[in-house]
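Source file: my_file_36.cif (mmCIF, C-alpha atoms, pLDDT in the B column; chains and numbers go by the auth columns)
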```cif
data_data
#
loop_
_atom_site.group_PDB
_atom_site.id
_atom_site.type_symbol
_atom_site.label_atom_id
_atom_site.label_comp_id
_atom_site.label_asym_id
_atom_site.label_seq_id
_atom_site.Cartn_x
_atom_site.Cartn_y
_atom_site.Cartn_z
_atom_site.B_iso_or_equiv
_atom_site.auth_seq_id
_atom_site.auth_asym_id
ATOM 1 C CA GLY A 1 0.000 0.000 0.000 46.00 1 A
ATOM 2 C CA GLN A 2 0.888 3.635 0.014 61.00 2 A
ATOM 3 C CA ASN A 3 1.077 3.884 3.818 83.00 3 A
ATOM 4 C CA ILE A 4 0.298 7.565 4.125 93.00 4 A
ATOM 5 C CA ASP A 5 -0.397 8.767 7.624 95.00 5 A
ATOM 6 C CA GLN A 6 -1.674 12.002 9.150 96.00 6 A
ATOM 7 C CA PRO A 7 -3.143 12.933 12.528 96.00 7 A
ATOM 8 C CA THR A 8 -6.911 12.598 12.458 93.00 8 A
ATOM 9 C CA GLU A 9 -7.838 15.826 14.190 95.00 9 A
ATOM 10 C CA MET A 10 -6.156 18.984 15.428 97.00 10 A
ATOM 11 C CA THR A 11 -7.397 22.055 17.221 97.00 11 A
ATOM 12 C CA ALA A 12 -5.778 25.478 17.312 97.00 12 A
ATOM 13 C CA THR A 13 -6.623 29.038 18.252 97.00 13 A
ATOM 14 C CA GLU A 14 -7.258 31.918 15.891 97.00 14 A
ATOM 15 C CA GLY A 15 -4.010 33.793 15.200 97.00 15 A
ATOM 16 C CA ALA A 16 -1.810 30.858 16.200 97.00 16 A
ATOM 17 C CA ILE A 17 0.475 28.619 14.136 97.00 17 A
ATOM 18 C CA VAL A 18 -0.246 24.951 13.468 98.00 18 A
ATOM 19 C CA GLN A 19 1.851 22.229 11.852 98.00 19 A
ATOM 20 C CA ILE A 20 0.169 19.246 10.211 98.00 20 A
ATOM 21 C CA ASN A 21 2.454 16.274 9.623 98.00 21 A
ATOM 22 C CA CYS A 22 2.313 13.646 6.921 97.00 22 A
ATOM 23 C CA THR A 23 4.441 10.525 6.643 97.00 23 A
ATOM 24 C CA TYR A 24 4.493 8.265 3.613 93.00 24 A
ATOM 25 C CA GLN A 25 6.150 5.256 2.096 87.00 25 A
ATOM 26 C CA THR A 26 9.232 6.374 0.176 84.00 26 A
ATOM 27 C CA SER A 27 9.452 3.629 -2.458 83.00 27 A
ATOM 28 C CA GLY A 28 8.505 4.930 -5.889 81.00 28 A
ATOM 29 C CA PHE A 29 7.852 8.381 -4.497 83.00 29 A
ATOM 30 C CA ASN A 30 7.799 11.345 -6.854 83.00 30 A
ATOM 31 C CA GLY A 31 6.035 14.267 -5.202 89.00 31 A
ATOM 32 C CA LEU A 32 3.842 15.331 -2.303 92.00 32 A
ATOM 33 C CA PHE A 33 0.737 17.502 -2.533 92.00 33 A
ATOM 34 C CA TRP A 34 -1.245 19.305 0.117 95.00 34 A
ATOM 35 C CA TYR A 35 -4.914 20.104 -0.358 94.00 35 A
ATOM 36 C CA GLN A 36 -7.520 21.893 1.697 95.00 36 A
ATOM 37 C CA GLN A 37 -11.052 20.527 1.651 94.00 37 A
ATOM 38 C CA HIS A 38 -14.179 22.020 3.153 92.00 38 A
ATOM 39 C CA ALA A 39 -17.056 19.625 3.794 86.00 39 A
ATOM 40 C CA GLY A 40 -18.963 18.723 0.644 85.00 40 A
ATOM 41 C CA GLU A 41 -16.558 20.515 -1.659 90.00 41 A
ATOM 42 C CA ALA A 42 -13.728 19.494 -3.947 90.00 42 A
ATOM 43 C CA PRO A 43 -10.174 19.714 -2.591 91.00 43 A
ATOM 44 C CA THR A 44 -8.313 22.945 -3.247 90.00 44 A
ATOM 45 C CA PHE A 45 -4.644 22.799 -4.203 89.00 45 A
ATOM 46 C CA LEU A 46 -2.258 24.297 -1.655 93.00 46 A
ATOM 47 C CA SER A 47 1.235 23.109 -2.493 92.00 47 A
ATOM 48 C CA TYR A 48 3.397 20.607 -4.299 91.00 48 A
ATOM 49 C CA ASN A 49 6.864 19.548 -3.092 93.00 49 A
ATOM 50 C CA VAL A 50 9.292 17.489 -5.104 90.00 50 A
ATOM 51 C CA LEU A 51 12.613 18.615 -3.640 93.00 51 A
ATOM 52 C CA ASP A 52 13.689 18.701 -0.006 96.00 52 A
ATOM 53 C CA GLY A 53 13.094 21.880 1.900 96.00 53 A
ATOM 54 C CA LEU A 54 10.546 24.469 2.801 96.00 54 A
ATOM 55 C CA GLU A 55 8.347 26.279 0.312 94.00 55 A
ATOM 56 C CA GLU A 56 6.504 29.329 1.559 93.00 56 A
ATOM 57 C CA LYS A 57 3.323 30.684 0.042 89.00 57 A
ATOM 58 C CA GLY A 58 1.801 33.446 2.096 93.00 58 A
ATOM 59 C CA ARG A 59 0.375 32.106 5.351 96.00 59 A
ATOM 60 C CA PHE A 60 0.930 28.509 4.218 96.00 60 A
ATOM 61 C CA SER A 61 4.282 26.728 3.959 97.00 61 A
ATOM 62 C CA SER A 62 5.075 23.143 3.118 97.00 62 A
ATOM 63 C CA PHE A 63 8.174 21.120 3.955 97.00 63 A
ATOM 64 C CA LEU A 64 9.484 17.905 2.494 97.00 64 A
ATOM 65 C CA SER A 65 12.175 15.437 3.478 96.00 65 A
ATOM 66 C CA ARG A 66 12.436 12.757 0.825 94.00 66 A
ATOM 67 C CA SER A 67 14.856 10.580 2.750 93.00 67 A
ATOM 68 C CA LYS A 68 12.614 10.524 5.823 94.00 68 A
ATOM 69 C CA GLY A 69 9.326 10.162 3.975 94.00 69 A
ATOM 70 C CA TYR A 70 8.020 13.183 5.861 96.00 70 A
ATOM 71 C CA SER A 71 6.215 16.370 5.041 97.00 71 A
ATOM 72 C CA TYR A 72 4.407 19.027 6.969 98.00 72 A
ATOM 73 C CA LEU A 73 2.048 21.865 6.230 98.00 73 A
ATOM 74 C CA LEU A 74 2.515 24.974 8.338 98.00 74 A
ATOM 75 C CA LEU A 75 -0.348 27.406 8.722 98.00 75 A
ATOM 76 C CA LYS A 76 0.397 30.803 10.253 97.00 76 A
ATOM 77 C CA GLU A 77 -1.905 33.521 11.588 97.00 77 A
ATOM 78 C CA LEU A 78 -4.790 31.095 11.673 98.00 78 A
ATOM 79 C CA GLN A 79 -8.202 32.352 10.685 97.00 79 A
ATOM 80 C CA MET A 80 -11.605 30.830 11.366 96.00 80 A
ATOM 81 C CA LYS A 81 -11.993 30.071 7.664 96.00 81 A
ATOM 82 C CA ASP A 82 -8.967 27.768 7.894 97.00 82 A
ATOM 83 C CA SER A 83 -11.164 25.226 9.689 97.00 83 A
ATOM 84 C CA ALA A 84 -11.193 22.395 7.146 96.00 84 A
ATOM 85 C CA SER A 85 -9.667 19.052 6.343 95.00 85 A
ATOM 86 C CA TYR A 86 -6.096 19.050 5.104 96.00 86 A
ATOM 87 C CA LEU A 87 -5.058 16.195 2.899 95.00 87 A
ATOM 88 C CA CYS A 88 -1.601 15.172 1.832 95.00 88 A
ATOM 89 C CA ALA A 89 -1.322 13.109 -1.328 92.00 89 A
ATOM 90 C CA ARG A 90 1.643 11.431 -2.973 89.00 90 A
ATOM 91 C CA THR A 91 2.366 10.536 -6.545 85.00 91 A
ATOM 92 C CA ASP A 92 4.678 7.872 -7.851 80.00 92 A
ATOM 93 C CA ASN A 93 7.400 8.098 -10.476 68.00 93 A
ATOM 94 C CA TYR A 94 4.995 7.507 -13.308 66.00 94 A
ATOM 95 C CA GLY A 95 2.169 9.759 -12.134 63.00 95 A
ATOM 96 C CA GLN A 96 -0.204 6.838 -12.332 65.00 96 A
ATOM 97 C CA ASN A 97 -0.958 6.728 -8.653 74.00 97 A
ATOM 98 C CA PHE A 98 -2.360 9.756 -6.902 80.00 98 A
ATOM 99 C CA VAL A 99 -3.240 8.603 -3.424 85.00 99 A
ATOM 100 C CA PHE A 100 -4.476 10.632 -0.487 90.00 100 A
ATOM 101 C CA GLY A 101 -3.667 10.338 3.167 92.00 101 A
ATOM 102 C CA PRO A 102 -6.502 10.001 5.700 92.00 102 A
ATOM 103 C CA GLY A 103 -6.765 13.753 6.128 94.00 103 A
ATOM 104 C CA THR A 104 -6.495 15.961 9.192 96.00 104 A
ATOM 105 C CA ARG A 105 -9.581 17.836 10.371 95.00 105 A
ATOM 106 C CA LEU A 106 -8.442 21.169 11.724 97.00 106 A
ATOM 107 C CA SER A 107 -10.716 23.187 13.985 96.00 107 A
ATOM 108 C CA VAL A 108 -9.783 26.816 14.560 97.00 108 A
ATOM 109 C CA LEU A 109 -11.299 28.204 17.740 96.00 109 A
ATOM 110 C CA PRO A 110 -11.824 31.905 18.583 94.00 110 A
ATOM 111 C CA GLY B 1 -5.832 27.054 -15.457 71.00 1 B
ATOM 112 C CA ALA B 2 -7.201 23.633 -16.220 82.00 2 B
ATOM 113 C CA VAL B 3 -10.862 22.862 -15.526 89.00 3 B
ATOM 114 C CA VAL B 4 -12.627 19.545 -15.085 93.00 4 B
ATOM 115 C CA SER B 5 -16.385 19.808 -15.348 95.00 5 B
ATOM 116 C CA GLN B 6 -18.243 17.155 -13.341 97.00 6 B
ATOM 117 C CA HIS B 7 -21.958 16.453 -13.635 97.00 7 B
ATOM 118 C CA PRO B 8 -24.323 16.029 -11.974 97.00 8 B
ATOM 119 C CA SER B 9 -23.408 17.791 -8.751 96.00 9 B
ATOM 120 C CA ARG B 10 -26.180 16.052 -6.856 96.00 10 B
ATOM 121 C CA VAL B 11 -28.323 13.058 -7.702 97.00 11 B
ATOM 122 C CA ILE B 12 -30.919 11.048 -5.839 97.00 12 B
ATOM 123 C CA CYS B 13 -31.844 7.658 -7.233 96.00 13 B
ATOM 124 C CA LYS B 14 -33.831 4.635 -6.208 97.00 14 B
ATOM 125 C CA SER B 15 -32.221 1.379 -5.142 97.00 15 B
ATOM 126 C CA GLY B 16 -31.542 -0.879 -8.074 97.00 16 B
ATOM 127 C CA THR B 17 -31.188 1.857 -10.656 97.00 17 B
ATOM 128 C CA SER B 18 -28.001 3.076 -12.334 97.00 18 B
ATOM 129 C CA VAL B 19 -26.426 6.509 -12.224 98.00 19 B
ATOM 130 C CA LYS B 20 -23.860 7.945 -14.618 98.00 20 B
ATOM 131 C CA ILE B 21 -21.371 10.588 -13.541 98.00 21 B
ATOM 132 C CA GLU B 22 -19.438 12.523 -16.175 97.00 22 B
ATOM 133 C CA CYS B 23 -16.108 14.284 -15.927 97.00 23 B
ATOM 134 C CA ARG B 24 -15.052 16.397 -18.849 95.00 24 B
ATOM 135 C CA SER B 25 -11.741 18.230 -19.246 92.00 25 B
ATOM 136 C CA LEU B 26 -12.555 21.592 -20.783 92.00 26 B
ATOM 137 C CA ASP B 27 -9.260 23.058 -21.931 85.00 27 B
ATOM 138 C CA PHE B 28 -6.809 20.206 -21.823 88.00 28 B
ATOM 139 C CA GLN B 29 -6.591 16.571 -22.760 89.00 29 B
ATOM 140 C CA ALA B 30 -7.013 14.153 -19.898 89.00 30 B
ATOM 141 C CA THR B 31 -5.378 10.899 -20.864 89.00 31 B
ATOM 142 C CA THR B 32 -5.754 9.731 -17.272 91.00 32 B
ATOM 143 C CA MET B 33 -8.643 10.223 -14.858 93.00 33 B
ATOM 144 C CA PHE B 34 -8.694 9.228 -11.215 93.00 34 B
ATOM 145 C CA TRP B 35 -12.026 8.404 -9.567 96.00 35 B
ATOM 146 C CA TYR B 36 -12.468 8.790 -5.824 95.00 36 B
ATOM 147 C CA ARG B 37 -15.180 8.113 -3.293 95.00 37 B
ATOM 148 C CA GLN B 38 -15.454 9.955 -0.022 93.00 38 B
ATOM 149 C CA PHE B 39 -17.669 9.008 2.904 92.00 39 B
ATOM 150 C CA PRO B 40 -18.514 11.576 5.602 87.00 40 B
ATOM 151 C CA LYS B 41 -15.547 12.614 7.717 84.00 41 B
ATOM 152 C CA GLN B 42 -13.223 10.368 5.749 87.00 42 B
ATOM 153 C CA SER B 43 -10.548 11.019 3.177 88.00 43 B
ATOM 154 C CA LEU B 44 -10.776 10.498 -0.563 90.00 44 B
ATOM 155 C CA MET B 45 -10.363 6.843 -1.416 91.00 45 B
ATOM 156 C CA LEU B 46 -9.061 6.031 -4.859 91.00 46 B
ATOM 157 C CA MET B 47 -11.501 3.710 -6.609 94.00 47 B
ATOM 158 C CA ALA B 48 -10.010 3.381 -10.057 93.00 48 B
ATOM 159 C CA THR B 49 -7.762 4.935 -12.639 92.00 49 B
ATOM 160 C CA SER B 50 -8.969 5.248 -16.202 91.00 50 B
ATOM 161 C CA ASN B 51 -6.755 5.740 -19.230 89.00 51 B
ATOM 162 C CA GLU B 52 -8.112 6.851 -22.568 88.00 52 B
ATOM 163 C CA GLY B 53 -8.555 3.927 -24.915 85.00 53 B
ATOM 164 C CA SER B 54 -7.819 1.180 -22.411 87.00 54 B
ATOM 165 C CA LYS B 55 -9.470 -0.624 -19.549 89.00 55 B
ATOM 166 C CA ALA B 56 -9.625 1.057 -16.167 92.00 56 B
ATOM 167 C CA THR B 57 -7.484 -0.147 -13.293 92.00 57 B
ATOM 168 C CA TYR B 58 -9.511 -0.763 -10.143 95.00 58 B
ATOM 169 C CA GLU B 59 -8.252 -0.612 -6.579 92.00 59 B
ATOM 170 C CA GLN B 60 -8.534 -3.652 -4.392 92.00 60 B
ATOM 171 C CA GLY B 61 -12.048 -4.125 -3.070 93.00 61 B
ATOM 172 C CA VAL B 62 -13.762 -2.057 -5.754 95.00 62 B
ATOM 173 C CA GLU B 63 -16.159 -4.077 -7.883 94.00 63 B
ATOM 174 C CA LYS B 64 -15.473 -3.405 -11.556 93.00 64 B
ATOM 175 C CA ASP B 65 -18.860 -4.765 -12.599 95.00 65 B
ATOM 176 C CA LYS B 66 -20.632 -2.402 -10.263 96.00 66 B
ATOM 177 C CA PHE B 67 -18.615 0.738 -10.967 97.00 67 B
ATOM 178 C CA LEU B 68 -18.285 0.913 -14.720 96.00 68 B
ATOM 179 C CA ILE B 69 -15.706 3.350 -15.993 95.00 69 B
ATOM 180 C CA ASN B 70 -15.441 4.483 -19.587 92.00 70 B
ATOM 181 C CA HIS B 71 -12.746 6.769 -20.937 92.00 71 B
ATOM 182 C CA ALA B 72 -13.636 6.851 -24.603 84.00 72 B
ATOM 183 C CA SER B 73 -12.067 10.188 -25.491 91.00 73 B
ATOM 184 C CA LEU B 74 -9.294 12.488 -24.321 91.00 74 B
ATOM 185 C CA THR B 75 -11.798 14.857 -22.760 93.00 75 B
ATOM 186 C CA LEU B 76 -14.453 12.601 -21.233 94.00 76 B
ATOM 187 C CA SER B 77 -14.471 9.924 -18.568 95.00 77 B
ATOM 188 C CA THR B 78 -17.619 8.478 -17.030 96.00 78 B
ATOM 189 C CA LEU B 79 -18.392 6.457 -13.931 97.00 79 B
ATOM 190 C CA THR B 80 -21.626 4.484 -13.856 97.00 80 B
ATOM 191 C CA VAL B 81 -22.836 3.136 -10.538 97.00 81 B
ATOM 192 C CA THR B 82 -24.966 0.138 -11.467 97.00 82 B
ATOM 193 C CA SER B 83 -27.691 -1.425 -9.352 97.00 83 B
ATOM 194 C CA ALA B 84 -27.190 1.252 -6.736 97.00 84 B
ATOM 195 C CA HIS B 85 -27.724 0.466 -3.066 96.00 85 B
ATOM 196 C CA PRO B 86 -28.046 2.862 -0.126 96.00 86 B
ATOM 197 C CA GLU B 87 -24.490 1.989 0.942 95.00 87 B
ATOM 198 C CA ASP B 88 -23.273 3.446 -2.364 96.00 88 B
ATOM 199 C CA SER B 89 -24.423 6.860 -1.165 96.00 89 B
ATOM 200 C CA SER B 90 -21.283 8.938 -1.088 96.00 90 B
ATOM 201 C CA PHE B 91 -19.392 11.865 -2.585 96.00 91 B
ATOM 202 C CA TYR B 92 -17.753 10.874 -5.871 97.00 92 B
ATOM 203 C CA ILE B 93 -15.039 13.049 -7.369 96.00 93 B
ATOM 204 C CA CYS B 94 -12.712 12.821 -10.342 96.00 94 B
ATOM 205 C CA SER B 95 -9.257 14.238 -10.890 93.00 95 B
ATOM 206 C CA ALA B 96 -7.017 14.508 -13.930 92.00 96 B
ATOM 207 C CA PRO B 97 -3.324 15.365 -14.280 86.00 97 B
ATOM 208 C CA SER B 98 -2.812 18.695 -15.979 78.00 98 B
ATOM 209 C CA ARG B 99 0.130 20.894 -16.838 67.00 99 B
ATOM 210 C CA PHE B 100 -1.136 23.759 -14.729 56.00 100 B
ATOM 211 C CA ASP B 101 -1.260 22.685 -11.097 58.00 101 B
ATOM 212 C CA GLY B 102 -0.543 19.026 -11.180 73.00 102 B
ATOM 213 C CA TYR B 103 -3.989 17.567 -10.726 85.00 103 B
ATOM 214 C CA THR B 104 -7.325 19.198 -11.415 88.00 104 B
ATOM 215 C CA PHE B 105 -10.443 18.072 -9.593 92.00 105 B
ATOM 216 C CA GLY B 106 -14.032 18.017 -10.675 94.00 106 B
ATOM 217 C CA SER B 107 -16.525 19.655 -8.345 94.00 107 B
ATOM 218 C CA GLY B 108 -17.819 16.315 -7.073 95.00 108 B
ATOM 219 C CA THR B 109 -21.124 14.448 -7.197 97.00 109 B
ATOM 220 C CA ARG B 110 -23.216 13.835 -4.100 96.00 110 B
ATOM 221 C CA LEU B 111 -25.050 10.545 -4.696 97.00 111 B
ATOM 222 C CA THR B 112 -27.942 9.561 -2.467 97.00 112 B
ATOM 223 C CA VAL B 113 -29.586 6.184 -2.992 97.00 113 B
ATOM 224 C CA VAL B 114 -33.007 5.810 -1.423 96.00 114 B
#
```
Written form, structure tokens:
Amino acid sequence: GQNIDQPTEMTATEGAIVQINCTYQTSGFNGLFWYQQHAGEAPTFLSYNVLDGLEEKGRFSSFLSRSKGYSYLLLKELQMKDSASYLCARTDNYGQNFVFGPGTRLSVLP
Amino acid sequence: GAVVSQHPSRVICKSGTSVKIECRSLDFQATTMFWYRQFPKQSLMLMATSNEGSKATYEQGVEKDKFLINHASLTLSTLTVTSAHPEDSSFYICSAPSRFDGYTFGSGTRLTVV
């Protein structure tokens, strides 16, 4: 299997910073995506990491370590609208497998 | 950017009937289409991968005779849920690789079987 793992639920306070981790099986790995999904809606693309390191995009940053099979999504200055599920997804070398992790439901509290 | 148009967005059908869901790539050619199912409070589970002009590849546990996938052209892939049962009620969504942001999703179909 793809063995992708994420925490099921997280809670944070408005204005705070939260880090959502994702671990995955490294064999055949090509790239790691992060998506945001509100209930009943399609996922929205957040980031794509292929190389090691941190990529920053406004309030959201994503980190990848290929050797460790580890990624995280960092959300800064949390807003209430950030309450959603966050899904990591990996692709293989041939782009024929696009598999999601279990998702992390983030609740942002006032 | 790339757009995948998915229809219908919502459908209610009776047990035993069939429902067809369409995903159409509007401004790019989708040689591959991924089909997912999502139950409440769960992640997207890959059901099958369709490739234009060839048979779909189904994930373990997904019945190919129940979930018929057709990818007859470079812009259209369809999923037909045959002999639907209440347990098939779910959110179905497609996704295709594109040059623009990696993978483009349809807007999803909420299927309710009564």
* Asked: Of the candidates B:Ser83, B:Ser43, B:Leu68, B:Ser89, which one gets nearest to A:Cys88 if we count all atoms listed in the file?
  ->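 Checking each candidate against A:Cys88, we get B:Ser43 as the closest.
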* Using all atoms listed in the file, which residues sit within 6 Å of B:Thr75 once same-chain residues fewer than 5 positions away are excluded, as a VMD selection string? -> chain B and resid 24 to 25 29 to 30
* Using the chain letters and numbers from the file, which residues does the PyMOL selection byres ((chain A and resi 77) around 9) grab, as an MDAnalysis selection string? -> chainID A and resid 14:18 59 75:76 78:79
* Please evaluate the PyMOL selection byres ((chain B) within 7 of (chain A)) against the displayed coordinates and give the resulting residues as a ChimeraX atom specification. => /B:42-44,46,105-108
* Asked: Between B:Ser54, B:Thr31, B:Ser15, B:Thr49, which is the closest to B:Phe67 once you count only C-alpha atoms?
  ->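 Ranking B:Ser54, B:Thr31, B:Ser15, B:Thr49 by distance to B:Phe67, first place goes to B:Thr49.
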* **Residue contacts of A:Met80 (12 Å, only C-alpha atoms) excluding same-chain residues fewer than 6 positions away, as an MDAnalysis selection string** => chainID A and resid 11:16 106:110
Using the selection just defined, write its residues with C-alpha atoms as a CSV table (one decimal), in the coordinates of the input.
```
chain,number,residue,atom,x,y,z
A,11,THR,CA,-7.4,22.1,17.2
A,12,ALA,CA,-5.8,25.5,17.3
A,13,THR,CA,-6.6,29.0,18.3
A,14,GLU,CA,-7.3,31.9,15.9
A,15,GLY,CA,-4.0,33.8,15.2
A,16,ALA,CA,-1.8,30.9,16.2
A,106,LEU,CA,-8.4,21.2,11.7
A,107,SER,CA,-10.7,23.2,14.0
A,108,VAL,CA,-9.8,26.8,14.6
A,109,LEU,CA,-11.3,28.2,17.7
A,110,PRO,CA,-11.8,31.9,18.6
```
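Within the file as shown, the PyMOL selection byres ((chain B and resi 74) around 12) identifies Cys23, Arg24, Ser25, Leu26, Asp27, Phe28, Gln29, Ala30, Thr31, Thr32, Met33, Ser50, Asn51, Glu52, Gly53, Ser54, Asn70, His71, Ala72, Ser73, Thr75, Leu76, Ser77, Thr78 and Ala96 of chain B.
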* Asked: Which one is closest to A:Gln36: A:Ser71, A:Asn49, A:Asp82, A:Gln6? Count all atoms listed in the file.
  ->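 Once distances to A:Gln36 are computed over all atoms listed in the file, the minimum belongs to A:Asp82.
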* Looking at all atoms listed in the file, which of B:Ser98, B:Val4, B:Leu111, B:Leu79 is the one that sits closest to B:Ile21? ->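 For B:Ile21, the nearest of the candidates is B:Leu79.
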